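Okay, structure first, notes after.
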Amino acid sequence: MIIPVIDFSVEKLKPGSESWICASKEVVYGLEEYGCVEIMYEKFPIELHNSIFDAAKQVLNLPEKAKKQRVSDRPGPKSYIVVNNNNNVADNDDDDDEDEANKDVPPFQNIAIDNPTTLQGAQSFTNIMWPQGNHNFCESVMCFSKRLEEIYEIVMRMVFEKNGVDQGDRFESFKNSSFHLLRMVKYKVREKGDSNVALIDHRDSTILSILHQNQINGLQIKTKNGHWIPVLKPNSTSSFIVLAGEGLMAWSNDRVRGCEHRVMLDDLMEMKNKERYSVALFTFINGVVDVPKEFVDDEHPLRYKPFDHFEFNRYYHHIDSPDHPQQPNKSLNPLIRRTIKTFCGI
Ligand SMILES: O=C(O)CCC(=O)C(=O)O
Ligand SMILES: [Fe+2]
């Protein structure tokens with residue numbers, strides 16, 4: 001069983017053309033059946049693949065103190081998250097044990113860049129990390145994110161069209177209220193005795209998450225009948241995985257499947273310099289998400305109240321909750337997320 005792989009070569013994809021209609025059928029089928037499709041972006045240059053992973057390595061290998069700086073005013077989780085060996089979020093505010101943290105490479109760390117498709121967003125993050133400037137980093141982040149934004153807009157346009165939600169400027173206003181962040185993730189090389197589960201199963205809180213990896217596979221998705229299947233082929237430098245998040249699932253009144261996924265890493269990682277890096281564009285709606293009437297009928301009664309997407313993201317991460325990992329009672333595994341159903345399900 002494999003998820004649909006769809007060719008997004010630019011000449012082929014003229015809205016309304018036969019190949020557009022064909023691709024859009026596959027995209028919508030994949031999102032409804034698996035919550036996931038693979039996009040082959042043939043025109044994606046290998047140089048950009050290389051430069052975005054160079055950028056990810058540069059930033060994720062900065063000293064802990066640099067990565068912990070405040071880079072965003074957006075309400076939500078911190079921009080830099082580390083998960084330590086006990087599967088707990090390390091206390092990001094504690095600078096005293098920085099040397100300790102550097103000795104002991106965390107199994108999973110990620111950093112988020114807000115508004116990475118804009119010069120302002122890419123530059124403001126870059127200037128905080130490198131006050132003396134880092135032109136290559138800024139360029140790579142922006143060029144890469146713009147490509148992913150193109151994929152986001154094509155996929156969402158297809159979903160709108162196929163469901164008849166595209167009248168007037170509804171797609172345009174959805175697109176214009178979309179908020180992107182670029183998430184760069186590093187997984188430590190597995191050592192003997194480490195669990196193979198590098199990231200436990202979850203759904204993202206996004207509309208879509210579009211993911212690109214270096215050549216270390218590991219992403220798996222859960223099918224409707226509960227089987228885990230690996231996605232992404234080895235050595236593909238122009239392949240992107242589009243995952244539907246809880247936001248899209250709710251917006252579509254459950255027509256689109258929110259994709260449950262995890263990362264499993266095995267012994268391959270024992271080879272030197274073979275850390276897994278992944279880079280993903282996470283997209284949210286800046287404002288209230290309301291289920292379009294086209295998704296509601298006798299067979300599909302309304303399942304979600306309107307919700308503020310950033311508010312949901314805070315709830316998803318347990319922020320302000322007494323069991324949030326940064327609260328004194330750290331009883332909860334921080335990687336266990338809360339769901340959109342419990343936030344605003346009817
Ligand atoms: O690294 C990956 O392939 C997946 C990362 C992921 O699922 C996440 O950051 O939410
Ligand atoms: Fe995820």
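Chain identifiers are assigned as A, B, and so on, following the order in which chains appear in the structure tokens; residues are numbered from 1 within each chain, and ligands are numbered from 1 in order of appearance.
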Enumerate as an mmCIF file with N, CA and C atoms, in the first residue's frame the residues within 7 Å of ligand 1, counting only C-alpha atoms and all ligand atoms.
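Generated file (out_25.cif):
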data_model
loop_
_atom_site.group_PDB
_atom_site.id
_atom_site.type_symbol
_atom_site.label_atom_id
_atom_site.label_comp_id
_atom_site.auth_asym_id
_atom_site.auth_seq_id
_atom_site.Cartn_x
_atom_site.Cartn_y
_atom_site.Cartn_z
ATOM 1 N N VAL A 185 14.265 20.389 11.857
ATOM 2 C CA VAL A 185 14.349 19.351 12.890
ATOM 3 C C VAL A 185 15.635 18.541 12.725
ATOM 4 N N ASP A 204 -0.298 16.859 13.303
ATOM 5 C CA ASP A 204 0.137 18.244 13.469
ATOM 6 C C ASP A 204 -1.100 19.118 13.706
ATOM 7 N N LEU A 211 6.745 18.574 4.053
ATOM 8 C CA LEU A 211 7.985 18.125 4.653
ATOM 9 C C LEU A 211 9.012 17.639 3.639
ATOM 10 N N GLN A 213 13.092 15.964 3.547
ATOM 11 C CA GLN A 213 14.066 15.350 4.454
ATOM 12 C C GLN A 213 15.416 15.230 3.767
ATOM 13 N N GLY A 218 12.562 7.727 7.581
ATOM 14 C CA GLY A 218 12.109 7.442 8.940
ATOM 15 C C GLY A 218 10.660 7.807 9.165
ATOM 16 N N LEU A 219 10.108 8.669 8.299
ATOM 17 C CA LEU A 219 8.716 9.081 8.503
ATOM 18 C C LEU A 219 7.764 7.937 8.138
ATOM 19 N N HIS A 261 1.198 10.460 12.204
ATOM 20 C CA HIS A 261 2.519 10.070 11.714
ATOM 21 C C HIS A 261 3.523 9.985 12.863
ATOM 22 N N ARG A 262 4.658 9.383 12.579
ATOM 23 C CA ARG A 262 5.718 9.263 13.588
ATOM 24 C C ARG A 262 7.049 9.127 12.850
ATOM 25 N N VAL A 263 8.144 9.169 13.593
ATOM 26 C CA VAL A 263 9.459 8.972 12.973
ATOM 27 C C VAL A 263 10.160 7.811 13.683
ATOM 28 N N TYR A 277 17.851 15.040 9.298
ATOM 29 C CA TYR A 277 17.316 16.396 9.370
ATOM 30 C C TYR A 277 16.050 16.419 8.544
ATOM 31 N N SER A 278 15.033 17.136 9.000
ATOM 32 C CA SER A 278 13.893 17.384 8.130
ATOM 33 C C SER A 278 13.542 18.858 8.251
#
Determine, using only C-alpha atoms and all ligand atoms, which residues of chain A have any atom at most 10 Å from an atom of ligand 2, and tabulate each with its shortest atom pair and distance in Å to one decimal place, rows ordered by chain and then rising number, as JSON lines.
{"residue": "A:Leu199", "atom": "CA", "partner": "ligand 2", "partner_atom_place_in_ligand_line": "1 (Fe)", "distance": 8.3}
{"residue": "A:Ile200", "atom": "CA", "partner": "ligand 2", "partner_atom_place_in_ligand_line": "1 (Fe)", "distance": 9.1}
{"residue": "A:Asp201", "atom": "CA", "partner": "ligand 2", "partner_atom_place_in_ligand_line": "1 (Fe)", "distance": 8.1}
{"residue": "A:His202", "atom": "CA", "partner": "ligand 2", "partner_atom_place_in_ligand_line": "1 (Fe)", "distance": 6.3}
{"residue": "A:Arg203", "atom": "CA", "partner": "ligand 2", "partner_atom_place_in_ligand_line": "1 (Fe)", "distance": 5.9}
{"residue": "A:Asp204", "atom": "CA", "partner": "ligand 2", "partner_atom_place_in_ligand_line": "1 (Fe)", "distance": 4.9}
{"residue": "A:Ser205", "atom": "CA", "partner": "ligand 2", "partner_atom_place_in_ligand_line": "1 (Fe)", "distance": 8.4}
{"residue": "A:Thr206", "atom": "CA", "partner": "ligand 2", "partner_atom_place_in_ligand_line": "1 (Fe)", "distance": 9.2}
{"residue": "A:Ser209", "atom": "CA", "partner": "ligand 2", "partner_atom_place_in_ligand_line": "1 (Fe)", "distance": 7.6}
{"residue": "A:Ile210", "atom": "CA", "partner": "ligand 2", "partner_atom_place_in_ligand_line": "1 (Fe)", "distance": 9.7}
{"residue": "A:Leu211", "atom": "CA", "partner": "ligand 2", "partner_atom_place_in_ligand_line": "1 (Fe)", "distance": 9.1}
{"residue": "A:Leu219", "atom": "CA", "partner": "ligand 2", "partner_atom_place_in_ligand_line": "1 (Fe)", "distance": 9.2}
{"residue": "A:Leu243", "atom": "CA", "partner": "ligand 2", "partner_atom_place_in_ligand_line": "1 (Fe)", "distance": 8.2}
{"residue": "A:Ala244", "atom": "CA", "partner": "ligand 2", "partner_atom_place_in_ligand_line": "1 (Fe)", "distance": 9.8}
{"residue": "A:Gly245", "atom": "CA", "partner": "ligand 2", "partner_atom_place_in_ligand_line": "1 (Fe)", "distance": 8.5}
{"residue": "A:Cys259", "atom": "CA", "partner": "ligand 2", "partner_atom_place_in_ligand_line": "1 (Fe)", "distance": 8.8}
{"residue": "A:Glu260", "atom": "CA", "partner": "ligand 2", "partner_atom_place_in_ligand_line": "1 (Fe)", "distance": 8.1}
{"residue": "A:His261", "atom": "CA", "partner": "ligand 2", "partner_atom_place_in_ligand_line": "1 (Fe)", "distance": 6.4}
{"residue": "A:Arg262", "atom": "CA", "partner": "ligand 2", "partner_atom_place_in_ligand_line": "1 (Fe)", "distance": 7.0}
{"residue": "A:Val263", "atom": "CA", "partner": "ligand 2", "partner_atom_place_in_ligand_line": "1 (Fe)", "distance": 8.7}
{"residue": "A:Ala280", "atom": "CA", "partner": "ligand 2", "partner_atom_place_in_ligand_line": "1 (Fe)", "distance": 9.1}
{"residue": "A:Phe282", "atom": "CA", "partner": "ligand 2", "partner_atom_place_in_ligand_line": "1 (Fe)", "distance": 9.3}
Practice item. Could you give me, as a list in words, the residues within 8 Å of A:Ser178, counting only C-alpha atoms and dropping anything in the same chain fewer than 4 positions from it? Key: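 Final neighbour list, sorted by chain and number: Phe174, Thr283, Phe284, Ile285 and Asn286 of chain A.
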Would you mind exporting the chosen residues as a short mmCIF file (atom, residue, chain, number, x, y, z; two decimals), in the first residue's frame, restricted to N, CA, C and O atoms?
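What ended up in again.cif:
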data_model
loop_
_atom_site.label_atom_id
_atom_site.label_comp_id
_atom_site.auth_asym_id
_atom_site.auth_seq_id
_atom_site.Cartn_x
_atom_site.Cartn_y
_atom_site.Cartn_z
N PHE A 174 -8.67 32.82 2.05
CA PHE A 174 -8.05 31.74 2.85
C PHE A 174 -6.52 31.80 2.69
O PHE A 174 -5.77 31.76 3.67
N THR A 283 1.67 25.39 8.15
CA THR A 283 0.78 26.51 7.85
C THR A 283 -0.46 26.51 8.75
O THR A 283 -1.09 25.47 8.95
N PHE A 284 -0.75 27.70 9.26
CA PHE A 284 -1.91 27.94 10.13
C PHE A 284 -2.77 29.02 9.49
O PHE A 284 -2.31 29.74 8.60
N ILE A 285 -3.99 29.18 10.00
CA ILE A 285 -4.80 30.32 9.59
C ILE A 285 -4.69 31.37 10.69
O ILE A 285 -4.86 31.05 11.88
N ASN A 286 -4.37 32.59 10.27
CA ASN A 286 -4.25 33.66 11.23
C ASN A 286 -5.66 34.22 11.46
O ASN A 286 -6.09 35.12 10.76
#
Practice item. Have a look at A:Ile39, A:Leu48, A:Leu232, A:Val296 and name the one nearest to A:Asn136; count only C-alpha atoms. Key: A:Leu48
Which residues of stretch 175-256 of chain A sit at most 7 Å from stretch 108-121 of chain A, using only C-alpha atoms? Give each one's shortest atom pair and distance in Å (one decimal place), in chain and ascending residue order, as a Markdown table.
| residue | atom | partner | partner_atom | distance |
| --- | --- | --- | --- | --- |
| A:Phe179 | CA | A:Asn115 | CA | 7.0 |
| A:His180 | CA | A:Asn115 | CA | 5.5 |
| A:Leu181 | CA | A:Asp114 | CA | 4.5 |
| A:Leu182 | CA | A:Ile113 | CA | 5.0 |
| A:Arg183 | CA | A:Ala112 | CA | 4.4 |
| A:Met184 | CA | A:Asn110 | CA | 5.4 |
| A:Val185 | CA | A:Asn110 | CA | 4.3 |
| A:Lys186 | CA | A:Gln109 | CA | 5.5 |
| A:Tyr187 | CA | A:Phe108 | CA | 4.7 |
| A:Lys188 | CA | A:Phe108 | CA | 6.4 |
Exercise for review: Write out as a ChimeraX atom specification all residues of stretch 14-229 of chain A that backbone DSSP assigns to helix (DSSP H, G or I).
Suggested key: /A:18-33,46-60,64-67,98-103,119-129,135-162,170-176
How about saving the chosen residues, C-alpha atoms kept, as a compact mmCIF listing (two decimals), in the first residue's frame?
# COMPACT_ATOMS: atom_id res chain seq x y z
CA GLU A 18 -6.47 18.23 -18.14
CA SER A 19 -3.34 17.44 -16.19
CA TRP A 20 -4.43 19.86 -13.45
CA ILE A 21 -7.77 18.08 -13.14
CA CYS A 22 -6.04 14.71 -13.08
CA ALA A 23 -3.50 15.80 -10.44
CA SER A 24 -6.21 17.40 -8.37
CA LYS A 25 -8.23 14.15 -8.28
CA GLU A 26 -5.19 12.33 -6.94
CA VAL A 27 -4.38 15.02 -4.39
CA VAL A 28 -7.90 15.04 -2.97
CA TYR A 29 -8.08 11.23 -2.99
CA GLY A 30 -4.76 11.02 -1.13
CA LEU A 31 -5.82 13.57 1.48
CA GLU A 32 -9.19 11.89 2.07
CA GLU A 33 -7.80 8.36 2.18
CA ILE A 46 19.40 19.99 -6.05
CA GLU A 47 21.30 23.14 -5.01
CA LEU A 48 18.31 24.22 -2.96
CA HIS A 49 18.01 20.77 -1.41
CA ASN A 50 21.68 21.01 -0.38
CA SER A 51 21.55 24.60 0.78
CA ILE A 52 18.46 24.19 3.00
CA PHE A 53 20.08 21.28 4.83
CA ASP A 54 23.32 23.24 5.19
CA ALA A 55 21.18 26.00 6.70
CA ALA A 56 19.40 23.57 9.04
CA LYS A 57 22.76 22.17 10.19
CA GLN A 58 24.17 25.64 10.75
CA VAL A 59 21.34 26.83 12.95
CA LEU A 60 20.72 23.60 14.87
CA GLU A 64 22.13 26.28 23.00
CA LYS A 65 22.13 29.85 24.28
CA ALA A 66 21.82 31.25 20.75
CA LYS A 67 18.98 28.91 19.81
CA GLU A 98 24.33 24.71 28.91
CA ASP A 99 27.65 22.87 28.88
CA GLU A 100 25.85 19.79 30.06
CA ALA A 101 23.33 20.13 27.23
CA ASN A 102 26.09 20.51 24.68
CA LYS A 103 27.87 17.40 25.87
CA LEU A 119 12.46 38.88 3.40
CA GLN A 120 11.45 40.52 6.66
CA GLY A 121 10.69 37.20 8.37
CA ALA A 122 13.79 35.40 7.11
CA GLN A 123 16.01 38.38 7.86
CA SER A 124 14.76 39.10 11.35
CA PHE A 125 15.37 35.48 12.42
CA THR A 126 18.80 35.48 10.73
CA ASN A 127 19.83 38.72 12.42
CA ILE A 128 18.97 37.38 15.85
CA MET A 129 21.02 34.20 15.30
CA HIS A 135 23.25 36.05 3.76
CA ASN A 136 23.31 32.42 2.60
CA PHE A 137 21.13 31.24 5.46
CA CYS A 138 18.57 33.97 4.88
CA GLU A 139 18.49 33.33 1.10
CA SER A 140 18.14 29.56 1.48
CA VAL A 141 15.32 29.87 4.00
CA MET A 142 13.40 32.28 1.83
CA CYS A 143 13.87 30.49 -1.52
CA PHE A 144 13.06 27.10 -0.04
CA SER A 145 9.98 28.35 1.83
CA LYS A 146 8.65 30.05 -1.29
CA ARG A 147 8.78 26.76 -3.18
CA LEU A 148 6.88 25.06 -0.41
CA GLU A 149 4.38 27.88 -0.30
CA GLU A 150 3.73 27.22 -4.01
CA ILE A 151 2.98 23.59 -3.21
CA TYR A 152 0.71 24.70 -0.35
CA GLU A 153 -1.25 27.03 -2.59
CA ILE A 154 -1.65 24.49 -5.40
CA VAL A 155 -2.82 21.76 -3.03
CA MET A 156 -5.28 24.04 -1.23
CA ARG A 157 -6.64 25.44 -4.51
CA MET A 158 -7.30 21.85 -5.60
CA VAL A 159 -9.08 21.04 -2.33
CA PHE A 160 -11.24 24.18 -2.65
CA GLU A 161 -12.12 23.42 -6.30
CA LYS A 162 -12.90 19.75 -5.85
CA ARG A 170 -12.98 32.54 -0.83
CA PHE A 171 -9.80 30.78 -1.83
CA GLU A 172 -7.91 34.08 -2.07
CA SER A 173 -8.98 35.16 1.39
CA PHE A 174 -8.05 31.74 2.85
CA LYS A 175 -4.67 32.01 1.13
CA ASN A 176 -4.14 35.55 2.37
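Here the residues within stretch 13-178 of chain A that DSSP labels strand (DSSP E) on the basis of the backbone are Cys36, Val37, Glu38, Ile39, Met40, Tyr80, Ile81, Val82, Val83, Phe108, Gln109, Asn110, Ile111, Ala112, Ile113, Asp114 and Ser178 of chain A.
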